[in-house]
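Asker: Sharing start-v7.txt (compact mmCIF, C-alpha atoms and all ligand atoms) below.
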```
# COMPACT_ATOMS: atom_id res chain seq x y z
CA MET A 1 69.69 19.70 -29.06
CA THR A 2 66.14 19.68 -27.72
CA LEU A 3 65.14 21.81 -24.81
CA PRO A 4 62.98 20.21 -22.14
CA PRO A 5 59.45 21.69 -22.17
CA ASP A 6 59.14 24.18 -19.34
CA SER A 7 56.77 23.57 -16.40
CA ARG A 8 54.30 26.27 -17.55
CA TYR A 9 53.90 24.45 -20.90
CA ILE A 10 53.31 21.14 -19.08
CA SER A 11 50.74 22.60 -16.70
CA HIS A 12 48.86 24.13 -19.69
CA ALA A 13 48.91 20.83 -21.52
CA ILE A 14 47.50 19.09 -18.45
CA MET A 15 44.84 21.74 -17.86
CA ASP A 16 43.69 21.63 -21.48
CA ALA A 17 43.47 17.88 -21.35
CA VAL A 18 41.02 18.16 -18.47
CA LEU A 19 37.45 18.30 -19.74
CA ASP A 20 36.21 20.28 -16.75
CA PRO A 21 36.56 24.08 -16.89
CA ILE A 22 39.38 25.41 -14.66
CA PHE A 23 40.14 29.05 -13.81
CA VAL A 24 43.28 30.16 -11.95
CA LEU A 25 42.70 33.33 -9.91
CA ARG A 26 45.36 35.73 -8.66
CA HIS A 27 45.28 37.24 -5.14
CA ASP A 28 43.03 40.06 -6.47
CA GLU A 29 40.66 37.42 -7.95
CA ALA A 30 41.51 38.41 -11.55
CA ILE A 31 41.88 35.39 -13.87
CA SER A 32 45.56 34.60 -14.47
CA ASP A 33 44.96 31.42 -16.47
CA CYS A 34 42.23 29.05 -17.69
CA ASN A 35 41.89 25.94 -19.87
CA GLN A 36 40.06 25.33 -23.15
CA ALA A 37 37.02 23.89 -21.38
CA ALA A 38 36.75 27.18 -19.44
CA CYS A 39 36.64 29.13 -22.75
CA ILE A 40 33.88 26.81 -24.00
CA LEU A 41 31.97 27.24 -20.72
CA LEU A 42 31.97 31.04 -21.03
CA ALA A 43 31.83 30.96 -24.88
CA ARG A 44 34.68 33.49 -24.99
CA PRO A 45 38.28 33.34 -26.30
CA LYS A 46 41.00 33.02 -23.71
CA LEU A 47 42.23 36.59 -24.31
CA ASP A 48 38.82 37.93 -23.34
CA ILE A 49 38.96 36.00 -20.07
CA LEU A 50 42.50 36.63 -18.85
CA ASP A 51 42.90 39.53 -16.39
CA GLN A 52 39.13 39.82 -15.97
CA ALA A 53 37.80 40.00 -12.40
CA ALA A 54 36.29 36.61 -11.63
CA ARG A 55 33.22 37.98 -9.86
CA ARG A 56 32.43 40.16 -12.91
CA LEU A 57 32.87 37.26 -15.31
CA PHE A 58 30.34 35.20 -13.33
CA SER A 59 28.01 38.08 -12.46
CA GLY A 60 25.21 36.61 -14.62
CA TRP A 61 25.61 33.19 -12.97
CA PRO A 62 23.79 31.82 -9.93
CA ASP A 63 24.94 33.33 -6.59
CA GLY A 64 26.57 30.05 -5.61
CA VAL A 65 29.72 30.84 -7.67
CA ALA A 66 30.36 34.22 -5.95
CA ALA A 67 29.50 32.68 -2.59
CA ALA A 68 32.10 29.90 -3.13
CA LEU A 69 34.74 32.55 -3.93
CA ASP A 70 34.19 34.05 -0.45
CA PHE A 71 35.90 31.01 1.06
CA PRO A 72 39.43 29.61 0.65
CA ASP A 73 37.96 26.14 0.12
CA ALA A 74 34.37 25.54 -0.91
CA GLU A 75 32.13 23.22 -2.84
CA THR A 76 28.59 23.90 -4.02
CA GLU A 77 26.17 22.91 -6.76
CA ILE A 78 24.51 25.26 -9.19
CA GLU A 79 22.07 24.91 -12.09
CA ARG A 80 22.22 26.97 -15.25
CA PRO A 81 20.48 26.76 -18.62
CA VAL A 82 22.90 26.19 -21.52
CA ASN A 83 21.41 26.31 -25.06
CA GLY A 84 17.95 25.98 -23.53
CA ARG A 85 18.90 22.89 -21.54
CA ARG A 86 19.45 22.70 -17.81
CA ARG A 87 23.05 21.94 -16.79
CA VAL A 88 24.13 21.13 -13.27
CA TYR A 89 27.67 21.96 -12.07
CA ARG A 90 29.56 21.13 -8.93
CA VAL A 91 31.64 24.29 -8.26
CA SER A 92 34.84 23.87 -6.25
CA VAL A 93 37.26 26.43 -4.94
CA VAL A 94 40.72 25.56 -3.63
CA SER A 95 43.33 28.11 -2.59
CA GLY A 96 47.04 28.30 -1.77
CA ARG A 97 50.01 30.57 -1.45
CA ARG A 98 52.82 30.96 -3.97
CA GLY A 99 56.28 30.24 -2.66
CA ASP A 100 58.20 32.81 -4.74
CA ASP A 101 56.22 35.98 -3.98
CA ASP A 102 54.00 34.83 -1.12
CA GLN A 103 50.87 35.74 -3.12
CA ASN A 104 47.52 34.00 -2.63
CA TRP A 105 45.96 32.11 -5.52
CA LYS A 106 42.70 30.27 -6.03
CA ILE A 107 41.50 27.66 -8.48
CA LEU A 108 37.89 27.69 -9.53
CA MET A 109 36.65 24.43 -11.10
CA PHE A 110 33.39 23.45 -12.66
CA ASN A 111 32.38 19.81 -12.80
CA ASP A 112 29.40 19.07 -15.07
CA ILE A 113 27.27 16.60 -13.11
CA THR A 114 24.09 16.98 -15.23
CA GLY A 115 24.14 13.31 -16.34
CA GLU A 116 24.78 12.06 -12.82
CA ARG A 117 22.00 14.29 -11.43
CA GLU A 118 19.51 13.27 -14.15
CA LEU A 119 20.27 9.62 -13.51
CA SER A 120 19.72 9.95 -9.77
CA GLU A 121 16.50 11.91 -10.40
CA GLU A 122 15.28 9.25 -12.82
CA LEU A 123 16.18 6.60 -10.25
CA SER A 124 14.27 8.32 -7.48
CA VAL A 125 11.21 8.73 -9.78
CA LEU A 126 11.51 5.05 -10.63
CA ASN A 127 11.88 4.14 -6.95
CA ALA A 128 8.85 6.20 -6.01
CA SER A 129 6.73 4.53 -8.71
CA LEU A 130 8.04 1.11 -7.67
CA GLU A 131 7.22 1.83 -4.04
CA LEU A 132 3.74 2.93 -5.11
CA LYS A 133 3.23 -0.23 -7.14
CA VAL A 134 4.56 -2.44 -4.31
CA GLY A 135 2.27 -0.60 -1.88
CA GLU A 136 -0.75 -1.07 -4.17
CA ARG A 137 0.04 -4.74 -4.73
CA THR A 138 0.59 -5.34 -1.00
CA GLU A 139 -2.74 -3.70 -0.21
CA SER A 140 -4.61 -5.73 -2.84
CA LEU A 141 -2.92 -8.93 -1.59
CA ARG A 142 -3.91 -8.06 1.97
CA GLN A 143 -7.52 -7.53 0.87
CA GLU A 144 -7.46 -10.77 -1.11
CA ILE A 145 -6.12 -12.68 1.93
CA GLU A 146 -8.84 -11.19 4.15
CA LEU A 147 -11.54 -12.12 1.63
CA ARG A 148 -10.18 -15.66 1.39
CA LYS A 149 -9.99 -15.97 5.18
CA ALA A 150 -13.62 -14.84 5.47
CA ALA A 151 -14.67 -17.28 2.72
CA GLU A 152 -12.77 -20.11 4.42
CA LEU A 153 -14.46 -19.34 7.74
CA ASP A 154 -17.87 -19.35 6.00
CA LEU A 155 -17.03 -22.64 4.35
CA LEU A 156 -15.88 -24.08 7.68
CA ASP A 157 -19.21 -23.05 9.27
CA ILE A 158 -21.17 -24.58 6.39
CA ASN A 159 -19.13 -27.78 6.53
CA ARG A 160 -19.53 -28.01 10.29
CA GLU A 161 -23.27 -27.50 9.99
CA MET A 162 -23.53 -30.05 7.19
CA ALA A 163 -21.57 -32.59 9.22
CA THR A 164 -23.76 -32.00 12.29
CA THR A 165 -26.94 -32.25 10.21
CA GLN A 166 -25.66 -35.43 8.59
CA LYS A 167 -24.86 -37.03 11.94
CA GLU A 168 -28.25 -36.02 13.39
CA LEU A 169 -29.99 -37.35 10.29
CA LEU A 170 -28.14 -40.66 10.57
CA LEU A 171 -28.96 -41.04 14.25
CA THR A 172 -32.66 -40.16 13.67
CA LEU A 173 -32.93 -42.63 10.82
CA SER A 174 -31.17 -45.31 12.86
CA GLY A 175 -33.61 -44.68 15.70
CA VAL A 176 -36.55 -45.18 13.34
CA VAL A 177 -35.13 -48.50 12.19
CA GLU A 178 -34.34 -49.50 15.75
CA SER A 179 -37.92 -48.85 16.89
CA ARG A 180 -39.21 -51.15 14.12
CA SER A 181 -36.71 -53.93 14.65
CA ARG A 182 -36.20 -56.56 17.29
CA GLU A 183 -33.31 -54.62 18.86
CA THR A 184 -33.50 -53.24 22.40
CA ALA A 185 -33.58 -49.49 22.90
CA ASN A 186 -30.30 -47.57 22.49
CA HIS A 187 -28.65 -50.49 20.63
CA VAL A 188 -27.23 -48.18 17.94
CA THR A 189 -25.94 -45.62 20.47
CA ARG A 190 -24.17 -48.37 22.42
CA VAL A 191 -22.69 -49.85 19.24
CA ALA A 192 -21.37 -46.40 18.28
CA GLU A 193 -19.75 -45.89 21.71
CA LEU A 194 -18.26 -49.41 21.69
CA CYS A 195 -16.81 -48.62 18.22
CA ARG A 196 -15.24 -45.46 19.67
CA LEU A 197 -13.68 -47.55 22.47
CA LEU A 198 -12.27 -50.14 20.06
CA GLY A 199 -11.15 -47.47 17.55
CA LYS A 200 -9.18 -45.66 20.29
CA SER A 201 -7.65 -48.92 21.50
CA LEU A 202 -6.49 -49.62 17.92
CA GLY A 203 -4.91 -46.15 17.74
CA LEU A 204 -7.05 -44.93 14.81
CA SER A 205 -6.87 -41.21 13.93
CA GLY A 206 -9.40 -38.84 15.49
CA GLU A 207 -11.00 -38.30 12.08
CA ALA A 208 -11.28 -42.05 11.37
CA ILE A 209 -12.87 -42.59 14.80
CA GLU A 210 -15.38 -39.75 14.27
CA THR A 211 -16.41 -41.21 10.89
CA LEU A 212 -16.74 -44.69 12.37
CA VAL A 213 -18.79 -43.48 15.35
CA ALA A 214 -21.12 -41.41 13.14
CA ALA A 215 -21.55 -44.17 10.54
CA ALA A 216 -21.89 -47.22 12.84
CA PRO A 217 -25.49 -46.46 13.99
CA MET A 218 -26.60 -46.95 10.37
CA HIS A 219 -25.48 -50.59 10.14
CA ASP A 220 -29.05 -51.97 10.19
CA VAL A 221 -30.71 -49.19 8.15
CA GLY A 222 -31.60 -51.80 5.48
CA LYS A 223 -34.06 -53.36 7.93
CA ILE A 224 -36.40 -50.55 6.89
CA ALA A 225 -37.30 -52.81 3.93
CA VAL A 226 -37.83 -55.95 6.05
CA PRO A 227 -41.54 -56.69 6.81
CA ASP A 228 -42.72 -56.08 10.40
CA ALA A 229 -43.85 -59.71 10.70
CA ILE A 230 -40.26 -60.87 10.39
CA LEU A 231 -38.66 -57.97 12.33
CA SER A 232 -40.84 -58.37 15.41
CA LYS A 233 -41.26 -62.14 15.33
CA PRO A 234 -40.54 -63.33 18.88
CA GLY A 235 -39.45 -66.89 18.01
CA PRO A 236 -36.75 -68.23 15.71
CA LEU A 237 -36.97 -67.35 11.97
CA THR A 238 -37.60 -69.84 9.19
CA ALA A 239 -34.91 -70.29 6.53
CA GLU A 240 -36.90 -68.11 4.13
CA GLU A 241 -37.46 -65.42 6.77
CA ARG A 242 -33.76 -65.50 7.57
CA SER A 243 -32.84 -64.90 3.90
CA THR A 244 -35.25 -61.95 3.78
CA MET A 245 -33.71 -60.61 6.98
CA GLN A 246 -30.19 -61.04 5.57
CA LEU A 247 -31.13 -58.78 2.64
CA HIS A 248 -30.90 -55.81 5.05
CA THR A 249 -27.12 -55.66 4.44
CA GLU A 250 -27.39 -55.07 0.66
CA THR A 251 -30.49 -52.87 1.05
CA GLY A 252 -28.64 -50.69 3.57
CA TYR A 253 -25.66 -50.45 1.21
CA ARG A 254 -27.88 -49.38 -1.72
CA ILE A 255 -29.68 -46.73 0.36
CA LEU A 256 -26.48 -45.17 1.72
CA HIS A 257 -24.17 -45.63 -1.27
CA SER A 258 -26.24 -43.31 -3.49
CA SER A 259 -24.77 -40.34 -1.55
CA GLU A 260 -21.46 -38.69 -2.47
CA ARG A 261 -20.74 -37.80 1.17
CA PRO A 262 -17.74 -39.67 2.65
CA LEU A 263 -19.62 -40.28 5.89
CA LEU A 264 -22.54 -41.96 4.10
CA ARG A 265 -20.13 -43.91 1.90
CA ALA A 266 -18.46 -45.25 5.08
CA ALA A 267 -21.89 -46.07 6.53
CA ALA A 268 -22.78 -47.93 3.30
CA VAL A 269 -19.73 -50.20 3.60
CA ILE A 270 -20.48 -50.90 7.27
CA ALA A 271 -24.12 -51.73 6.43
CA ARG A 272 -22.98 -54.26 3.81
CA GLU A 273 -20.14 -55.84 5.78
CA HIS A 274 -21.18 -56.00 9.45
CA HIS A 275 -22.39 -59.63 9.07
CA GLU A 276 -19.33 -60.84 7.18
CA ARG A 277 -17.11 -63.25 9.16
CA TRP A 278 -13.31 -63.46 9.42
CA ASP A 279 -13.45 -67.10 8.19
CA GLY A 280 -15.54 -66.15 5.11
CA GLN A 281 -18.72 -67.87 6.35
CA GLY A 282 -20.70 -64.63 6.77
CA TYR A 283 -23.09 -62.77 4.43
CA PRO A 284 -23.90 -61.22 2.00
CA ASN A 285 -20.62 -61.78 0.06
CA GLY A 286 -18.69 -64.32 2.14
CA LEU A 287 -15.67 -61.98 2.35
CA ALA A 288 -12.82 -63.26 4.53
CA GLY A 289 -10.01 -61.70 6.62
CA GLU A 290 -8.84 -58.25 5.64
CA ALA A 291 -11.02 -58.29 2.52
CA ILE A 292 -13.64 -57.09 5.01
CA SER A 293 -13.11 -53.40 5.75
CA LEU A 294 -11.69 -52.49 9.19
CA ASN A 295 -14.89 -50.59 10.00
CA GLY A 296 -16.96 -53.64 9.01
CA ARG A 297 -14.85 -55.90 11.28
CA ILE A 298 -15.09 -53.43 14.21
CA VAL A 299 -18.89 -53.01 13.95
CA ALA A 300 -19.34 -56.81 13.66
CA ILE A 301 -17.77 -57.30 17.11
CA CYS A 302 -19.58 -54.39 18.79
CA ASP A 303 -22.94 -55.43 17.26
CA VAL A 304 -22.71 -59.04 18.46
CA PHE A 305 -21.39 -58.04 21.92
CA ASP A 306 -24.39 -55.74 22.39
CA ALA A 307 -26.86 -58.39 21.14
CA LEU A 308 -25.46 -60.96 23.59
CA ILE A 309 -25.11 -58.77 26.70
CA ASN A 310 -28.68 -57.40 26.36
CA ALA A 311 -32.06 -59.13 26.24
CA ARG A 312 -33.81 -59.52 22.90
CA VAL A 313 -37.38 -60.60 22.11
CA TYR A 314 -35.96 -63.99 21.17
CA LYS A 315 -33.38 -64.39 24.04
CA PRO A 316 -32.55 -63.22 27.57
CA ALA A 317 -29.47 -61.09 28.43
CA TRP A 318 -26.33 -63.21 28.81
CA PRO A 319 -24.08 -62.79 31.86
CA SER A 320 -20.81 -61.01 31.01
CA ASP A 321 -18.55 -64.05 31.58
CA ARG A 322 -20.61 -66.06 29.09
CA VAL A 323 -20.37 -63.20 26.58
CA VAL A 324 -16.58 -63.04 27.04
CA GLU A 325 -16.37 -66.82 26.63
CA GLN A 326 -18.40 -66.65 23.38
CA LEU A 327 -16.24 -63.83 21.95
CA ARG A 328 -13.07 -65.80 22.79
CA GLN A 329 -14.54 -68.84 21.06
CA ASP A 330 -15.33 -66.76 17.95
CA ARG A 331 -11.76 -65.33 17.83
CA GLY A 332 -10.36 -66.07 14.37
CA THR A 333 -13.60 -67.65 13.13
CA ALA A 334 -16.32 -65.00 13.26
CA PHE A 335 -14.04 -62.15 14.29
CA ASP A 336 -10.65 -60.64 13.46
CA PRO A 337 -8.42 -62.17 16.22
CA GLN A 338 -6.42 -58.96 16.78
CA LEU A 339 -9.57 -56.87 17.12
CA ILE A 340 -11.09 -59.35 19.57
CA ASP A 341 -7.90 -59.15 21.68
CA HIS A 342 -8.22 -55.34 21.80
CA PHE A 343 -11.93 -55.59 22.61
CA LEU A 344 -11.39 -58.07 25.44
CA GLU A 345 -8.59 -55.93 26.87
CA ASN A 346 -11.20 -53.18 27.21
CA ILE A 347 -14.07 -55.40 28.36
CA THR A 348 -14.50 -53.54 31.69
CA VAL A 349 -15.07 -50.23 29.90
CA ALA A 350 -17.34 -51.98 27.36
CA LEU A 351 -19.54 -53.23 30.23
CA ILE A 352 -19.64 -49.69 31.74
CA ILE A 353 -20.75 -48.31 28.35
CA ASN A 354 -23.45 -50.97 28.21
CA GLU A 355 -24.74 -49.95 31.66
CA ARG A 356 -24.61 -46.23 30.88
CA TYR A 357 -26.73 -46.40 27.68
CA GLN A 358 -29.62 -48.58 28.87
FE FE B 401 -27.46 -56.27 11.02
FE FE B 402 -27.24 -54.29 15.08
```
Hey, can you dump this file as C-alpha cells for me?
Ligand SMILES: [Fe+2]
Ligand SMILES: [Fe+2]

Answerer:
Amino acid sequence: MTLPPDSRYISHAIMDAVLDPIFVLRHDEAISDCNQAACILLARPKLDILDQAARRLFSGWPDGVAAALDFPDAETEIERPVNGRRRVYRVSVVSGRRGDDDQNWKILMFNDITGERELSEELSVLNASLELKVGERTESLRQEIELRKAAELDLLDINREMATTQKELLLTLSGVVESRSRETANHVTRVAELCRLLGKSLGLSGEAIETLVAAAPMHDVGKIAVPDAILSKPGPLTAEERSTMQLHTETGYRILHSSERPLLRAAAVIAREHHERWDGQGYPNGLAGEAISLNGRIVAICDVFDALINARVYKPAWPSDRVVEQLRQDRGTAFDPQLIDHFLENITVALIINERYQ
C-alpha cells in the first residue's frame, strides 16, 4: 500500500521547482524554510540558512531587502554584483497568518530581472541613438529643402529676367524692322494685341497666349534683309521685287530658328507661316489647312486686318465694313474659317484696339 505524499513534501517539491529564490519567514523573521534556488543565491547549504534571522542573512545586501521586510507586503528592486557581474532582482514580500497557531509568516522572494533590465536599457540606448539620427536627418533635410527653395527662387528670378529681356529684345528688333518697312507705326504692337484677343476667344492657355503675343511682333523680322528700295517703294512691286519681298518669311525663320529658346522657336514658325493660306495658295511652302501652325493662322488674320484697316504708302485706310466684307470673303480661302468666325465675333474690340494703338 502506498501512502499519499504529505502536503509538506508537495510544497517542498513545488518550491524547489521554482527557479526564483524563496524564503519562508516565521513571525520572528527567522527562516523556517527555503528552496534550492535560495541556497544557490546565498551560496550556503540549507542547514546553514534555516533558523537564521532574515535581516542578519541579508545584512551585506542592499538596504532595499531589509526595507521590504518592514512591510507586510512590499516590492522593490535591488542591484547586486554576483561573480563580478551586476544582477538585478525584484524583491517581493507577502505575509499571512497561520490558521492552526495564529502565527504570522512572511515569504521573501527574489526574481532575477537582469536580462529584462539589460534588454530595456539596450532598447532605450537604441531609441536614443535612433532619435538622434532621426533628428540629424530631419535637420539636414530641412536645410536641404531651404537651399533648394532658395535656388528655385533664384532660378525663377533669372528665368523671369531672361523672359523679360527676350520680350524686350523682340519688340526692339521688330520696331527696327517696322521703321524700315512700308508698315505704319505700331503695326507690330497692334498685331500682338489682336493675337491676344483672338487667342483668348479661342480659349488658349495663358502660357500659349503669352508666347503668341511675345512672338507675333517678329513676324516680319526677315524684312531686315530686303533692300530699302523695295521696302519703301510707294507703288506696286514688280514680279521680281515681289519674290524678293516674299523671301522675308524664310529669312525670318532662319534668323529666329537658330535660338534654342521656345519663344524664339515659336517666333520662327510664325515668321515662316504668316503668309501661308488656308487653301494652300500662300507662300513660302504652300501649306494648307491645319498643316499651317495655329499661331501662323492667327497671325495671318491679324496681320491682314491691320494692313487693311490702316493706311499704307501704297493704299489708303479701308472703312471697317469693307474690311469685314473682305475677311468674310477670304473665309475658307485665305483664312481658317473657324478663326475668322472668332475674329469677326470680336470685331468691335479689334477696332477699339486699332484706335488705341495708333
Ligand atoms: Fe510679312
Ligand atoms: Fe505684318

Asker: Select the residues contacting ligand FE 402 (chain B) at a distance of at most 12 Å, based on only C-alpha atoms and all ligand atoms, then format the selection as a PyMOL selection string.

Answerer: chain A and resi 174-175+177-178+181-192+216-223+248-249+270-271+273-275+296+299-308+310+312

Asker: Go through A:Val313, A:Ile22, A:Leu198, A:Ala288 and flag the residue nearest Pro236 of chain A, using all atoms listed in the file for the distances.

Answerer: A:Val313

Asker: Counting all atoms listed in the file, I want the residues whose atoms come within 12 Å of (-10.8, -57.2, 2.9) in the file frame, returned as a PyMOL selection string.

Answerer: chain A and resi 269+273+276-280+285-297+336

Asker: Looking at all atoms listed in the file, which of A:Met245, A:Ile230, A:Ala267, A:Val176 is the one that sits closest to ligand FE 401 (chain B)?

Answerer: A:Met245

Asker: Using only C-alpha atoms, which of the listed residues (A:Leu212, A:Gly206, A:Ile347, A:Asp330) sits closest to Glu193 of chain A?

Answerer: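 Among A:Leu212, A:Gly206, A:Ile347, A:Asp330, it is A:Leu212 that comes nearest to Glu193 of chain A.
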